[in-house]
Each structure stands twice: as structure tokens, then as C-alpha cells.
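Contents: one structure, followed by commentary.
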Amino acid sequence: MARGGGCCSGAGHLNADNARFLLLAVLIVLYMLCGAAVFSAIELPSERAAKARWAQRLEGFARRHNLSRAELRRFLRAYEEASVAGIRVDDVRPRWDFTGAFYFVGTVVSTIGFGMTTPATVGGKIFLIFYGLIGCAGTILFFNLFLERLITVIAYVMKSCHERQLRRKGVLPHDSRRGSGGSEVDSLAGWKPSVYYVMLILCVASLIISCCASAMYTPIEGWSYFDSLYFCFVAFSTIGFGDLVSSQNVQYESQGLYRFGNFVFILMGVCCIYSLFNVISIVIKQSINWILKKLDCRCCHRCQRKLFRSRRNVVMPGNVRSRRNISIETDIINESDTDGRRLSGEMISMKDFLASNKVSLAIMQKQLSETANGYPRQMSSNSKQNGFSGGVGALAIMNNRLAETSVDR
């Protein structure tokens with residue numbers, strides 16, 4: 001893959017990180033355009049039919065009760081204002097008693113945001129801004145810590161299963177232990193689970209939780225099983241449309257047990273889906289790396305020829321030709337053309353200035369990561385070649401814990 005200025009583009013040189021970012025942005029825009037086209041084709045006829053039915057009902061109701069359309073519309077607007085405050089035609093639970101408020105703050109800090117309950121006062125809106133700022137940050141930290149422990153447990157279980165399989169095949173002795181010094185044990189110590197197996201495990205776990213939760217919602221809420229599955233995905237993925245919301249009626253059979261089960265299912269589902277999304281992002285990043293590698297293979301020879309022709313007669317100071325990539329895994333700046341220029345007393349160029357800023361930002365990013373984790377991260381020097389070195393957040397948690405995020409494949 002092209003590094004630094006290894007490959008040319010119309011606007012100049014792109015390094016691997018910028019190329020990956022731009023390609024991902026383009027793919028997301030294309031994905032959104034395709035999704036908009038599909039949803040528009042599916043949902044637009046239904047929307048038009050619903051508008052036509054509503055217009056007929058409105059006209060018929062106004063005629064039967066001898067009401068003008070202006071009076072009827074004023075009444076409907078008054079109901080819309082009441083609906084925002086939580087008033088419904090059917091009896092529903094109070095929105096702002098303690099249990100209702102606890103349900104609301106749960107949707108805030110988890111970023112679900114169903115929308116069926118919103119603060120109506122200025123004081124409530126101001127408090128929500130500061131409350132959500134701290135609450136959402138703390139919940140994201142909780143999800144990251146949950147992901148770290150979940151990946152650790154899955155990796156441990158899969159490694160144990162892999163070790164048992166090797167012992168059954170006779171590759172490992174039955175009395176082998178870690179640190180025994182054998183080549184097989186050393187290779188086992190460096191073994192990592194595949195991200196695809198981890199993704200499959202998380203898919204199965206999320207599906208089981210969704211099916212069990214749907215089996216609970218269907219008889220209690222009166223939804224169809226498909227609608228219950230739809231609600232589980234919308235809630236667990238923190239999309240939170242608000243068209244279906246659980247635990248909103250005034251009374252339920254075994255109400256306390258149902259609300260506790262609803263809380264547990266939503267918590268487990270959100271954690272599993274969050275972990276699944278982050279593992280899928282690893283697969284997407286691998287796919288982007290593969291695309292960039294294919295593109296680079298087609299143009300690298302052409303670009304190298306152009307660079308060779310343009311630089312063949314240039315006098316280059318010092319160690320310009322031994323320029324290397326900058327990694328956040330080391331705080332040491334490798335020798336580059338900037339060293340030669342500074343030794344020769346020349347003024348620093350804009351390119352060198354940007355490279356120096358990149359090093360400073362990379363070191364700061366590493367220090368922030370170490371401070372957040374409470375310890376300096378020990379990684380191999382080869383990890384900078386895998387496209388995942390120096391990640392922040394969930395990518396940093398999974399870095400070098402799965403086979404596809406390390407060079408040990």
C-alpha cells in the first residue's frame with residue numbers, strides 16, 4: 001500500500017490513512033444514496049396512500065359534524081402539542097414520575113432516544129444538555145470496557161478450544177503448559193482468534209437475545225413477533241425511532257418483573273450490538289485496505305517511474321533517500337529529508353512543517369491512549385504495518401487481539 005508520497009493523485013500526494021479515510025467517506029455516501037433510493041421506492045407509495053386516506057377521513061368528519069377545516073386543523077394542532085407533552089388517546093404510564101424519568105434518562109445516556117418523552121420546559125432542556133454530555137461519555141466508556149472484556153473472554157475460550165483440538169491431534173503433549181519452551185507452545189502463545197469467528201459469535205449472541213426478548217414482548221405488548229424483532233434491532237442498535245416503545249402502558253401482568261426483564265434485555269442487547277458493530281468495522285477496514293492495495297498495485301509502478309524521472313538529477317542532502325514512515329508506537333522520529341535540510345541550515349519547508357506536526361499529534365495521541373488505559377501499551381514494531389496501529393477507542397481495544405488486526409496471521 002502506498003505510504004506517504006508513494007502514489008500520486010490529481011490533488012497531490014495521499015498517504016494510506018488519508019486514502020482510507022476518503023475511500024470510506026465515498027463508500028458511506030454511496031451507501032446512503034443507495035439506501036435512500038431503496039427506502040423511497042418501498043415507503044413512498046405507502047405514504048401517499050396514507051395521506052389520501054387521511055384527507056378523505058378529515059373531509060368526511062368535517063362534513064358530518066358541520067365543522068370548518070380551519071377549526072378542525074386548530075383542534076388537531078392542539079392535540080399535537082399535547083402529544084409532545086406525553087398525552088395519548090389510550091391510557092399510558094406517566095411520563096415524568098420517577099420510573100418514567102428513569103426510563104427517559106436510560107434512553108438518553110444510551111443514545112437510544114426513542115423520542116416519546118422529551119423535556120418541555122426550558123430548565124429541563126438546559127439540564128438535558130449538560131446531563132447528556134457527561135452521561136453519554138460515561139456510557140460510551142462503559143461500552144468500550146464491556147467490549148474489552150468480552151473480546152478477552154471470547155479470545156480465551158477460543159484459544160482453549162484451539163489448544164484442546166491440537167492436543168487431540170497430537171500436535172501438543174497433554175501435559176504441556178505455557179512457557180515450556182517448545183515450538184508448538186510458542187506458536188500457541190502467539191495464536192489469536194479470527195475476527196470472522198468473533199463476528200459470528202456476536203451475531204449468534206445478538207440473535208439469541210433478540211429472539212428471547214421478542215418472545216417476551218409479543219404477548220405482553222401485543223405486537224407481532226416480526227414487529228418485536230424490529231423493535232429489538234432499533235433499540236439495541238440505539239437508532240431509537242420511537243414508533244414502537246416498550247413498557248409504556250399503565251398496567252401489565254407481573255409489571256415489576258416485566259420492567260426488570262425489559263431493562264436487562266435492552267442492556268444486554270445494546271452491549272452485544274455495540275460490540276458487533278465494532279467488529280464489523282474491522283472487517284470493513286480490512287476490505288478498504290484490500291481495495292487500496294488493489295488500486296496501488298495498478299498505479300505504483302507508473303508513479304515510481306514518474307518520481308524517479310523527476311528526482312534523478314536532484315541533489316538530496318543527508319539521508320533523504322532513507323525516509324521512513326512515522327508511527328505512534330515509537331516516540332523517536334526516524335531519519336528523513338528534514339534532518340538533512342536542518343543540518344545544512346536551510347529554511348524548513350511547508351512539507352517538513354506538516355510532517356513535524358504529524359509526529360507531535362501522533363505522540364500526543366499515544367500519550368492520551370496510555371493515560372486512558374493506565375499503562376503504556378507494549379506493541380511490536382511490526383504492528384505499524386497492519387493499518388490498525390495507534391487506534392483510539394474500540395479499534396484500540398481490539399488492536400492485536402484478533403488475528404486480522406495484527407501481522408501474526
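In the C-alpha cells, each chain is lettered A, B, ... as it comes, each chain's residues begin at 1, and ligands are numbered from 1 in order of appearance.
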
For this session: Find the residues around Met216 (chain A) up to 10 Å (only C-alpha atoms counted), leave out those fewer than 6 positions away in its own chain, and share them as a PyMOL selection string.
Result: chain A and resi 210+225+228+258+261-262+265

Quick one: write out the picked residues with N, CA, C and O atoms as a tab-separated table (two decimals), in the first residue's frame?
chain	number	residue	atom	x	y	z
A	210	SER	N	-32.20	-11.15	20.92
A	210	SER	CA	-33.34	-10.54	20.24
A	210	SER	C	-34.53	-11.49	20.18
A	210	SER	O	-35.68	-11.07	20.38
A	225	TYR	N	-44.59	-10.89	16.23
A	225	TYR	CA	-43.22	-11.30	16.51
A	225	TYR	C	-42.23	-10.56	15.63
A	225	TYR	O	-41.13	-10.20	16.08
A	228	SER	N	-41.72	-7.18	17.02
A	228	SER	CA	-40.86	-7.27	18.21
A	228	SER	C	-39.40	-7.38	17.82
A	228	SER	O	-38.53	-6.74	18.45
A	258	TYR	N	-41.68	-7.66	34.48
A	258	TYR	CA	-41.56	-7.31	33.07
A	258	TYR	C	-40.62	-6.11	32.86
A	258	TYR	O	-39.78	-6.12	31.96
A	261	GLY	N	-37.09	-7.30	33.32
A	261	GLY	CA	-36.65	-8.05	32.15
A	261	GLY	C	-36.42	-7.15	30.94
A	261	GLY	O	-35.46	-7.37	30.18
A	262	ASN	N	-37.25	-6.13	30.78
A	262	ASN	CA	-37.07	-5.18	29.69
A	262	ASN	C	-35.74	-4.44	29.83
A	262	ASN	O	-35.00	-4.26	28.86
A	265	PHE	N	-32.81	-6.98	29.06
A	265	PHE	CA	-32.70	-7.30	27.63
A	265	PHE	C	-32.13	-6.12	26.84
A	265	PHE	O	-31.29	-6.31	25.95

Problem set entry | region 200-204 of chain A environment, 10 Å, only C-alpha atoms, sequence neighbours closer than 2 positions dropped, as a VMD selection string | chain A and resid 150 to 151 154 195 to 198 206 to 210 272 to 277 279

Resulting file, chosen residues, N, CA, C and O atoms, as a PDB file, in the first residue's frame:
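File written: part-v2.pdb
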ATOM      1  N   LEU A 150     -15.325  -8.520  26.835  1.00  0.00           N
ATOM      2  CA  LEU A 150     -15.980  -9.526  26.001  1.00  0.00           C
ATOM      3  C   LEU A 150     -14.998 -10.138  25.007  1.00  0.00           C
ATOM      4  O   LEU A 150     -14.960 -11.370  24.824  1.00  0.00           O
ATOM      5  N   ILE A 151     -14.198  -9.291  24.350  1.00  0.00           N
ATOM      6  CA  ILE A 151     -13.201  -9.806  23.408  1.00  0.00           C
ATOM      7  C   ILE A 151     -12.180 -10.671  24.133  1.00  0.00           C
ATOM      8  O   ILE A 151     -11.749 -11.715  23.621  1.00  0.00           O
ATOM      9  N   ILE A 154     -13.908 -14.080  24.899  1.00  0.00           N
ATOM     10  CA  ILE A 154     -14.064 -14.858  23.662  1.00  0.00           C
ATOM     11  C   ILE A 154     -12.715 -15.392  23.188  1.00  0.00           C
ATOM     12  O   ILE A 154     -12.598 -16.557  22.788  1.00  0.00           O
ATOM     13  N   VAL A 195     -11.145 -12.578  13.487  1.00  0.00           N
ATOM     14  CA  VAL A 195     -12.209 -11.603  13.674  1.00  0.00           C
ATOM     15  C   VAL A 195     -13.527 -12.122  13.090  1.00  0.00           C
ATOM     16  O   VAL A 195     -14.616 -11.753  13.556  1.00  0.00           O
ATOM     17  N   TYR A 196     -13.447 -13.001  12.108  1.00  0.00           N
ATOM     18  CA  TYR A 196     -14.669 -13.529  11.499  1.00  0.00           C
ATOM     19  C   TYR A 196     -15.392 -14.487  12.449  1.00  0.00           C
ATOM     20  O   TYR A 196     -16.623 -14.503  12.506  1.00  0.00           O
ATOM     21  N   TYR A 197     -14.635 -15.290  13.208  1.00  0.00           N
ATOM     22  CA  TYR A 197     -15.265 -16.150  14.206  1.00  0.00           C
ATOM     23  C   TYR A 197     -15.870 -15.319  15.338  1.00  0.00           C
ATOM     24  O   TYR A 197     -16.963 -15.632  15.833  1.00  0.00           O
ATOM     25  N   VAL A 198     -15.155 -14.280  15.750  1.00  0.00           N
ATOM     26  CA  VAL A 198     -15.700 -13.401  16.794  1.00  0.00           C
ATOM     27  C   VAL A 198     -16.978 -12.722  16.297  1.00  0.00           C
ATOM     28  O   VAL A 198     -17.963 -12.598  17.031  1.00  0.00           O
ATOM     29  N   SER A 206     -26.335 -11.923  19.659  1.00  0.00           N
ATOM     30  CA  SER A 206     -27.329 -10.851  19.456  1.00  0.00           C
ATOM     31  C   SER A 206     -28.649 -11.420  18.968  1.00  0.00           C
ATOM     32  O   SER A 206     -29.724 -10.960  19.391  1.00  0.00           O
ATOM     33  N   LEU A 207     -28.581 -12.418  18.095  1.00  0.00           N
ATOM     34  CA  LEU A 207     -29.807 -13.029  17.591  1.00  0.00           C
ATOM     35  C   LEU A 207     -30.560 -13.760  18.693  1.00  0.00           C
ATOM     36  O   LEU A 207     -31.791 -13.682  18.776  1.00  0.00           O
ATOM     37  N   ILE A 208     -29.830 -14.461  19.560  1.00  0.00           N
ATOM     38  CA  ILE A 208     -30.482 -15.168  20.669  1.00  0.00           C
ATOM     39  C   ILE A 208     -31.153 -14.183  21.614  1.00  0.00           C
ATOM     40  O   ILE A 208     -32.306 -14.383  22.042  1.00  0.00           O
ATOM     41  N   ILE A 209     -30.446 -13.102  21.959  1.00  0.00           N
ATOM     42  CA  ILE A 209     -31.038 -12.097  22.855  1.00  0.00           C
ATOM     43  C   ILE A 209     -32.268 -11.464  22.214  1.00  0.00           C
ATOM     44  O   ILE A 209     -33.300 -11.262  22.873  1.00  0.00           O
ATOM     45  N   SER A 210     -32.204 -11.150  20.922  1.00  0.00           N
ATOM     46  CA  SER A 210     -33.344 -10.536  20.240  1.00  0.00           C
ATOM     47  C   SER A 210     -34.530 -11.486  20.176  1.00  0.00           C
ATOM     48  O   SER A 210     -35.684 -11.068  20.381  1.00  0.00           O
ATOM     49  N   CYS A 272     -24.143  -6.048  23.207  1.00  0.00           N
ATOM     50  CA  CYS A 272     -23.770  -7.021  22.176  1.00  0.00           C
ATOM     51  C   CYS A 272     -23.760  -6.376  20.787  1.00  0.00           C
ATOM     52  O   CYS A 272     -22.835  -6.610  19.985  1.00  0.00           O
ATOM     53  N   ILE A 273     -24.763  -5.586  20.476  1.00  0.00           N
ATOM     54  CA  ILE A 273     -24.818  -4.955  19.158  1.00  0.00           C
ATOM     55  C   ILE A 273     -23.692  -3.934  19.001  1.00  0.00           C
ATOM     56  O   ILE A 273     -23.087  -3.812  17.926  1.00  0.00           O
ATOM     57  N   TYR A 274     -23.374  -3.208  20.073  1.00  0.00           N
ATOM     58  CA  TYR A 274     -22.248  -2.272  20.012  1.00  0.00           C
ATOM     59  C   TYR A 274     -20.951  -3.020  19.717  1.00  0.00           C
ATOM     60  O   TYR A 274     -20.142  -2.585  18.885  1.00  0.00           O
ATOM     61  N   SER A 275     -20.745  -4.138  20.397  1.00  0.00           N
ATOM     62  CA  SER A 275     -19.541  -4.932  20.146  1.00  0.00           C
ATOM     63  C   SER A 275     -19.541  -5.479  18.728  1.00  0.00           C
ATOM     64  O   SER A 275     -18.499  -5.481  18.049  1.00  0.00           O
ATOM     65  N   LEU A 276     -20.706  -5.926  18.267  1.00  0.00           N
ATOM     66  CA  LEU A 276     -20.800  -6.461  16.907  1.00  0.00           C
ATOM     67  C   LEU A 276     -20.490  -5.388  15.874  1.00  0.00           C
ATOM     68  O   LEU A 276     -19.786  -5.644  14.889  1.00  0.00           O
ATOM     69  N   PHE A 277     -21.001  -4.191  16.069  1.00  0.00           N
ATOM     70  CA  PHE A 277     -20.737  -3.102  15.125  1.00  0.00           C
ATOM     71  C   PHE A 277     -19.237  -2.810  15.034  1.00  0.00           C
ATOM     72  O   PHE A 277     -18.701  -2.567  13.948  1.00  0.00           O
ATOM     73  N   VAL A 279     -16.746  -4.883  15.673  1.00  0.00           N
ATOM     74  CA  VAL A 279     -16.057  -5.981  14.985  1.00  0.00           C
ATOM     75  C   VAL A 279     -16.317  -5.898  13.480  1.00  0.00           C
ATOM     76  O   VAL A 279     -15.415  -6.129  12.665  1.00  0.00           O
TER      77      VAL A 279
END

Exercise. So how many Å separate CA of Lys159 (chain A) and CA of Trp191 (chain A), to one decimal?
Worked result: 7.4 Å

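Checking A:Pro219, A:Met199, A:Leu267, A:Ser237 one by one against Ile282 (chain A), counting only C-alpha atoms, you find the shortest gap at A:Met199.
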
Exercise. In Å, with one decimal, what is the gap from CA of Gly242 (chain A) to CA of Phe61 (chain A)?
Worked result: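 A separation of 28.5 Å between them.
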
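Atom pair CA of Gly240 (chain A) / CA of Gly113 (chain A): separated by 5.5 Å.
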
For this session: Apply DSSP to the structure's backbone, then extract all residues of region 219-281 of chain A labelled helix (DSSP H, G or I) and return them as a ChimeraX atom specification.
Result: /A:219-221,225-236,255-281

Problem set entry | From A:Phe231, A:Phe75, A:Phe127, A:Tyr103, residue lying nearest Arg259 (chain A) [only C-alpha atoms] | A:Tyr103

Exercise. Hey, which of A:Ile42, A:Leu23, A:Ile140, A:Val29 ends up closest to Val109 (chain A)? Count only C-alpha atoms.
Worked result: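 Once distances to Val109 (chain A) are computed over only C-alpha atoms, the minimum belongs to A:Ile140.
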
Residues near Ser287 (chain A), anyone? I mean within 12 Å using only C-alpha atoms, not counting same-chain ones fewer than 6 positions away, as a PDB file with all heavy atoms, in the first residue's frame.
ATOM      1  N   ARG A  20      -7.488   5.941   2.975  1.00  0.00           N
ATOM      2  CA  ARG A  20      -8.501   5.090   3.615  1.00  0.00           C
ATOM      3  C   ARG A  20      -9.698   5.918   4.077  1.00  0.00           C
ATOM      4  O   ARG A  20     -10.859   5.515   3.917  1.00  0.00           O
ATOM      5  CB  ARG A  20      -7.865   4.355   4.794  1.00  0.00           C
ATOM      6  CG  ARG A  20      -8.756   3.286   5.412  1.00  0.00           C
ATOM      7  CD  ARG A  20      -8.089   2.648   6.617  1.00  0.00           C
ATOM      8  NE  ARG A  20      -6.835   2.020   6.248  1.00  0.00           N
ATOM      9  CZ  ARG A  20      -5.654   2.424   6.668  1.00  0.00           C
ATOM     10  NH1 ARG A  20      -5.559   3.481   7.463  1.00  0.00           N
ATOM     11  NH2 ARG A  20      -4.561   1.799   6.312  1.00  0.00           N
ATOM     12  N   LEU A  23     -11.706   7.107   0.946  1.00  0.00           N
ATOM     13  CA  LEU A  23     -12.433   5.997   0.344  1.00  0.00           C
ATOM     14  C   LEU A  23     -13.628   5.601   1.199  1.00  0.00           C
ATOM     15  O   LEU A  23     -14.717   5.336   0.680  1.00  0.00           O
ATOM     16  CB  LEU A  23     -11.489   4.804   0.145  1.00  0.00           C
ATOM     17  CG  LEU A  23     -12.118   3.551  -0.488  1.00  0.00           C
ATOM     18  CD1 LEU A  23     -12.704   3.878  -1.864  1.00  0.00           C
ATOM     19  CD2 LEU A  23     -11.085   2.436  -0.592  1.00  0.00           C
ATOM     20  N   LEU A  24     -13.455   5.574   2.523  1.00  0.00           N
ATOM     21  CA  LEU A  24     -14.568   5.244   3.404  1.00  0.00           C
ATOM     22  C   LEU A  24     -15.675   6.287   3.306  1.00  0.00           C
ATOM     23  O   LEU A  24     -16.861   5.948   3.287  1.00  0.00           O
ATOM     24  CB  LEU A  24     -14.067   5.135   4.848  1.00  0.00           C
ATOM     25  CG  LEU A  24     -15.124   4.808   5.908  1.00  0.00           C
ATOM     26  CD1 LEU A  24     -15.784   3.462   5.606  1.00  0.00           C
ATOM     27  CD2 LEU A  24     -14.518   4.807   7.298  1.00  0.00           C
ATOM     28  N   LEU A  27     -17.552   5.679   0.099  1.00  0.00           N
ATOM     29  CA  LEU A  27     -18.388   4.481   0.197  1.00  0.00           C
ATOM     30  C   LEU A  27     -19.616   4.722   1.076  1.00  0.00           C
ATOM     31  O   LEU A  27     -20.709   4.223   0.785  1.00  0.00           O
ATOM     32  CB  LEU A  27     -17.560   3.317   0.750  1.00  0.00           C
ATOM     33  CG  LEU A  27     -16.458   2.783  -0.168  1.00  0.00           C
ATOM     34  CD1 LEU A  27     -15.670   1.681   0.523  1.00  0.00           C
ATOM     35  CD2 LEU A  27     -17.053   2.259  -1.474  1.00  0.00           C
ATOM     36  N   ILE A 280     -17.543  -5.563  13.095  1.00  0.00           N
ATOM     37  CA  ILE A 280     -17.840  -5.400  11.671  1.00  0.00           C
ATOM     38  C   ILE A 280     -17.012  -4.264  11.078  1.00  0.00           C
ATOM     39  O   ILE A 280     -16.592  -4.322   9.914  1.00  0.00           O
ATOM     40  CB  ILE A 280     -19.343  -5.163  11.468  1.00  0.00           C
ATOM     41  CG1 ILE A 280     -20.137  -6.426  11.820  1.00  0.00           C
ATOM     42  CG2 ILE A 280     -19.655  -4.762  10.028  1.00  0.00           C
ATOM     43  CD1 ILE A 280     -21.638  -6.253  11.751  1.00  0.00           C
ATOM     44  N   SER A 281     -16.766  -3.218  11.872  1.00  0.00           N
ATOM     45  CA  SER A 281     -15.945  -2.112  11.367  1.00  0.00           C
ATOM     46  C   SER A 281     -14.532  -2.583  11.056  1.00  0.00           C
ATOM     47  O   SER A 281     -13.890  -2.051  10.135  1.00  0.00           O
ATOM     48  CB  SER A 281     -15.908  -0.972  12.388  1.00  0.00           C
ATOM     49  OG  SER A 281     -15.194  -1.358  13.560  1.00  0.00           O
ATOM     50  N   LYS A 293      -5.063  -1.593  -1.716  1.00  0.00           N
ATOM     51  CA  LYS A 293      -3.924  -2.393  -2.177  1.00  0.00           C
ATOM     52  C   LYS A 293      -4.063  -2.739  -3.651  1.00  0.00           C
ATOM     53  O   LYS A 293      -3.084  -2.701  -4.406  1.00  0.00           O
ATOM     54  CB  LYS A 293      -3.814  -3.663  -1.335  1.00  0.00           C
ATOM     55  CG  LYS A 293      -2.585  -4.498  -1.635  1.00  0.00           C
ATOM     56  CD  LYS A 293      -2.495  -5.689  -0.701  1.00  0.00           C
ATOM     57  CE  LYS A 293      -1.246  -6.517  -1.003  1.00  0.00           C
ATOM     58  NZ  LYS A 293      -1.144  -7.698  -0.102  1.00  0.00           N
ATOM     59  N   LYS A 294      -5.290  -3.075  -4.067  1.00  0.00           N
ATOM     60  CA  LYS A 294      -5.508  -3.381  -5.478  1.00  0.00           C
ATOM     61  C   LYS A 294      -5.292  -2.142  -6.340  1.00  0.00           C
ATOM     62  O   LYS A 294      -4.697  -2.224  -7.425  1.00  0.00           O
ATOM     63  CB  LYS A 294      -6.927  -3.928  -5.673  1.00  0.00           C
ATOM     64  CG  LYS A 294      -7.148  -5.311  -5.073  1.00  0.00           C
ATOM     65  CD  LYS A 294      -6.256  -6.346  -5.738  1.00  0.00           C
ATOM     66  CE  LYS A 294      -6.510  -7.730  -5.162  1.00  0.00           C
ATOM     67  NZ  LYS A 294      -5.632  -8.759  -5.783  1.00  0.00           N
ATOM     68  N   GLY A 387      -2.048  -1.315   9.465  1.00  0.00           N
ATOM     69  CA  GLY A 387      -3.146  -0.389   9.227  1.00  0.00           C
ATOM     70  C   GLY A 387      -4.024  -0.169  10.430  1.00  0.00           C
ATOM     71  O   GLY A 387      -5.020   0.524  10.348  1.00  0.00           O
ATOM     72  N   GLU A 404      -6.866 -10.700  12.463  1.00  0.00           N
ATOM     73  CA  GLU A 404      -6.853  -9.817  11.308  1.00  0.00           C
ATOM     74  C   GLU A 404      -6.413  -8.403  11.641  1.00  0.00           C
ATOM     75  O   GLU A 404      -6.304  -7.559  10.741  1.00  0.00           O
ATOM     76  CB  GLU A 404      -8.254  -9.770  10.666  1.00  0.00           C
ATOM     77  CG  GLU A 404      -8.601 -10.986   9.862  1.00  0.00           C
ATOM     78  CD  GLU A 404      -8.889 -12.198  10.715  1.00  0.00           C
ATOM     79  OE1 GLU A 404      -9.107 -12.043  11.925  1.00  0.00           O
ATOM     80  OE2 GLU A 404      -8.877 -13.314  10.187  1.00  0.00           O
TER      81      GLU A 404
END

Exercise. Which of these, A:Asn289, A:Gln251, A:Thr139, A:Ser68, has the shortest distance to Pro94 (chain A) once you count only C-alpha atoms?
Worked result: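 Comparing A:Asn289, A:Gln251, A:Thr139, A:Ser68 against Pro94 (chain A), the winner is A:Gln251.
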